[in-house]
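Note sheet for the following structure.
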Amino acid sequence: MNIFLWVVQAVLAVVFAMAGVMKSTRPKVKLADKLPWVSDFSVGTVRLIGIVELAAALGLILPAATGIATVLTPLAATGLAVVMVLAAIVHARRKEPSAIGFNTVLLILAVLVAWGRFGPYSF
């Protein structure tokens with residue numbers, strides 16, 4: 001199970017690192033083509049979401065890999081779960097069911113990591 005959790009952590013880290021870099025560096029106009037929800041939010045909010053996702057991606061891997069402050073790994077997973085709940089709410093409001101499905105998959109994976117790393121498979 002420990003190896004499985006590492007794989008899930010790595011997948012989540014890659015997904016959220018790519019999303020975080022994209023949201024925190026690209027102009028809002030270019031993001032709106034692929035992510036239509038950004039038109040509902042200010043540039044600062046979109047950047048903040050990107051930075052939070054990038055920080056969580058780092059938090060999923062670095063503390064556990066270095067053995068320093070390992071409690072940050074399940075906390076990062078918990079934070080991503082909260083972000084995914086909020087994202088699903090936004091997509092529900094915008095009537096985007098396919099995006100809600102993607103958010104749900106990421107939410108389940110983040111909750112799995114949080115449960116495993118806070119619980120029986122902690123570091």
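The way I read the labels, and the way they are meant: chains A, B, ... in the order of the structure tokens, residue 1 as the first residue of every chain, and ligand 1 as the first ligand shown, with later ones counted on from there.
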
Could you give me, as a Markdown table, a per-residue list for range 23-91 of chain A showing, wherever an atom lies at most 10 Å from an atom of range 97-101 of chain A, the closest pair of atoms and their distance in Å to one decimal, using only C-alpha atoms and sorting by chain then residue number from low to high?
```
| residue | atom | partner | partner_atom | distance |
| --- | --- | --- | --- | --- |
| A:Leu35 | CA | A:Ala99 | CA | 9.9 |
| A:Met84 | CA | A:Ile100 | CA | 8.9 |
| A:Val85 | CA | A:Ile100 | CA | 9.2 |
| A:Ala87 | CA | A:Ile100 | CA | 7.8 |
| A:Ala88 | CA | A:Ile100 | CA | 5.0 |
| A:Ile89 | CA | A:Ile100 | CA | 8.1 |
| A:Val90 | CA | A:Ile100 | CA | 8.8 |
| A:His91 | CA | A:Ile100 | CA | 6.0 |
```

Per-residue nearest contacts of range 34-117 of chain A to range 13-29 of chain A (9 Å; only C-alpha atoms) as a tab-separated table:
```
residue	atom	partner	partner_atom	distance
A:Val38	CA	A:Lys28	CA	7.0
A:Ser39	CA	A:Lys28	CA	7.9
A:Ser42	CA	A:Lys28	CA	8.7
A:Val43	CA	A:Lys28	CA	6.4
A:Val46	CA	A:Lys23	CA	6.2
A:Arg47	CA	A:Ser24	CA	4.4
A:Leu48	CA	A:Ser24	CA	7.2
A:Ile49	CA	A:Gly20	CA	7.2
A:Gly50	CA	A:Gly20	CA	3.8
A:Ile51	CA	A:Gly20	CA	5.8
A:Val52	CA	A:Gly20	CA	7.3
A:Glu53	CA	A:Gly20	CA	4.9
A:Leu54	CA	A:Gly20	CA	4.6
A:Ala55	CA	A:Ala17	CA	8.1
A:Ala56	CA	A:Ala13	CA	7.6
A:Ala57	CA	A:Ala13	CA	4.1
A:Leu58	CA	A:Ala13	CA	6.8
A:Gly59	CA	A:Ala13	CA	8.4
A:Leu60	CA	A:Ala13	CA	6.3
A:Ile61	CA	A:Ala13	CA	7.2
A:Leu80	CA	A:Phe16	CA	8.8
```

Keeping only N, CA and C atoms, take the residues you just selected and write them out as a PDB file, in the first residue's frame.
```pdb
ATOM      1  N   VAL A  38     -12.143  30.749 -15.674  1.00  0.00           N
ATOM      2  CA  VAL A  38     -11.296  31.866 -15.229  1.00  0.00           C
ATOM      3  C   VAL A  38     -11.944  33.219 -15.506  1.00  0.00           C
ATOM      4  N   SER A  39     -12.881  33.256 -16.433  1.00  0.00           N
ATOM      5  CA  SER A  39     -13.556  34.530 -16.721  1.00  0.00           C
ATOM      6  C   SER A  39     -14.409  35.003 -15.547  1.00  0.00           C
ATOM      7  N   SER A  42     -10.928  37.069 -10.789  1.00  0.00           N
ATOM      8  CA  SER A  42      -9.905  38.069 -11.086  1.00  0.00           C
ATOM      9  C   SER A  42      -8.577  37.370 -11.389  1.00  0.00           C
ATOM     10  N   VAL A  43      -7.681  38.120 -11.985  1.00  0.00           N
ATOM     11  CA  VAL A  43      -6.348  37.581 -12.291  1.00  0.00           C
ATOM     12  C   VAL A  43      -5.653  37.136 -11.008  1.00  0.00           C
ATOM     13  N   VAL A  46      -6.976  33.748  -9.805  1.00  0.00           N
ATOM     14  CA  VAL A  46      -6.485  32.645 -10.643  1.00  0.00           C
ATOM     15  C   VAL A  46      -5.028  32.354 -10.312  1.00  0.00           C
ATOM     16  N   ARG A  47      -4.228  33.394 -10.121  1.00  0.00           N
ATOM     17  CA  ARG A  47      -2.815  33.212  -9.761  1.00  0.00           C
ATOM     18  C   ARG A  47      -2.695  32.537  -8.395  1.00  0.00           C
ATOM     19  N   LEU A  48      -3.530  32.970  -7.450  1.00  0.00           N
ATOM     20  CA  LEU A  48      -3.502  32.371  -6.115  1.00  0.00           C
ATOM     21  C   LEU A  48      -3.842  30.883  -6.183  1.00  0.00           C
ATOM     22  N   ILE A  49      -4.843  30.522  -6.949  1.00  0.00           N
ATOM     23  CA  ILE A  49      -5.201  29.115  -7.108  1.00  0.00           C
ATOM     24  C   ILE A  49      -4.009  28.344  -7.684  1.00  0.00           C
ATOM     25  N   GLY A  50      -3.350  28.916  -8.670  1.00  0.00           N
ATOM     26  CA  GLY A  50      -2.180  28.274  -9.258  1.00  0.00           C
ATOM     27  C   GLY A  50      -1.051  28.085  -8.265  1.00  0.00           C
ATOM     28  N   ILE A  51      -0.791  29.088  -7.465  1.00  0.00           N
ATOM     29  CA  ILE A  51       0.281  29.002  -6.469  1.00  0.00           C
ATOM     30  C   ILE A  51      -0.059  27.968  -5.400  1.00  0.00           C
ATOM     31  N   VAL A  52      -1.328  27.928  -4.983  1.00  0.00           N
ATOM     32  CA  VAL A  52      -1.756  26.930  -3.998  1.00  0.00           C
ATOM     33  C   VAL A  52      -1.580  25.522  -4.556  1.00  0.00           C
ATOM     34  N   GLU A  53      -1.966  25.318  -5.817  1.00  0.00           N
ATOM     35  CA  GLU A  53      -1.813  24.004  -6.429  1.00  0.00           C
ATOM     36  C   GLU A  53      -0.344  23.612  -6.562  1.00  0.00           C
ATOM     37  N   LEU A  54       0.489  24.554  -6.931  1.00  0.00           N
ATOM     38  CA  LEU A  54       1.922  24.277  -7.056  1.00  0.00           C
ATOM     39  C   LEU A  54       2.540  23.955  -5.695  1.00  0.00           C
ATOM     40  N   ALA A  55       2.190  24.721  -4.676  1.00  0.00           N
ATOM     41  CA  ALA A  55       2.714  24.461  -3.328  1.00  0.00           C
ATOM     42  C   ALA A  55       2.259  23.095  -2.817  1.00  0.00           C
ATOM     43  N   ALA A  56       1.015  22.751  -3.085  1.00  0.00           N
ATOM     44  CA  ALA A  56       0.512  21.444  -2.645  1.00  0.00           C
ATOM     45  C   ALA A  56       1.226  20.312  -3.388  1.00  0.00           C
ATOM     46  N   ALA A  57       1.496  20.511  -4.669  1.00  0.00           N
ATOM     47  CA  ALA A  57       2.227  19.490  -5.439  1.00  0.00           C
ATOM     48  C   ALA A  57       3.600  19.251  -4.818  1.00  0.00           C
ATOM     49  N   LEU A  58       4.276  20.311  -4.451  1.00  0.00           N
ATOM     50  CA  LEU A  58       5.579  20.162  -3.788  1.00  0.00           C
ATOM     51  C   LEU A  58       5.417  19.495  -2.427  1.00  0.00           C
ATOM     52  N   GLY A  59       4.346  19.866  -1.711  1.00  0.00           N
ATOM     53  CA  GLY A  59       4.093  19.302  -0.392  1.00  0.00           C
ATOM     54  C   GLY A  59       3.756  17.826  -0.412  1.00  0.00           C
ATOM     55  N   LEU A  60       3.253  17.341  -1.525  1.00  0.00           N
ATOM     56  CA  LEU A  60       2.953  15.912  -1.629  1.00  0.00           C
ATOM     57  C   LEU A  60       4.219  15.065  -1.702  1.00  0.00           C
ATOM     58  N   ILE A  61       5.295  15.630  -2.226  1.00  0.00           N
ATOM     59  CA  ILE A  61       6.504  14.843  -2.478  1.00  0.00           C
ATOM     60  C   ILE A  61       7.668  15.208  -1.550  1.00  0.00           C
ATOM     61  N   LEU A  80      -5.530  19.910  -1.032  1.00  0.00           N
ATOM     62  CA  LEU A  80      -5.974  19.662  -2.408  1.00  0.00           C
ATOM     63  C   LEU A  80      -7.401  19.142  -2.445  1.00  0.00           C
TER      64      LEU A  80
END
```

Go through range 17-100 of chain A and flag each residue having an atom no more than 9 Å from range 106-122 of chain A; for those, report the closest pair of atoms plus their distance in Å to one decimal, using only C-alpha atoms, ordered by chain and rising number, as a tab-separated table.
```
residue	atom	partner	partner_atom	distance
A:Leu60	CA	A:Val113	CA	8.9
A:Thr70	CA	A:Ser122	CA	8.4
A:Val71	CA	A:Phe118	CA	7.7
A:Thr73	CA	A:Arg117	CA	7.3
A:Pro74	CA	A:Ala114	CA	4.4
A:Leu75	CA	A:Ala114	CA	6.9
A:Ala76	CA	A:Ala114	CA	8.0
A:Ala77	CA	A:Ala110	CA	5.0
A:Thr78	CA	A:Ala114	CA	5.7
A:Gly79	CA	A:Ala110	CA	8.6
A:Leu80	CA	A:Ala110	CA	6.4
A:Ala81	CA	A:Leu107	CA	5.0
A:Val82	CA	A:Leu107	CA	8.0
A:Val83	CA	A:Leu107	CA	8.5
A:Met84	CA	A:Leu107	CA	5.6
A:Val85	CA	A:Leu107	CA	7.1
```

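Atom pair CA of Met1 in chain A / CA of Ile68 in chain A has a distance of 21.5 Å (rounded to one decimal).
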
For the helix (DSSP H, G or I) assignment from backbone DSSP, which residues of chain A qualify? Please present them as a PyMOL selection string.
chain A and resi 2-25+28-34+36-40+43-66+72-93+97-118
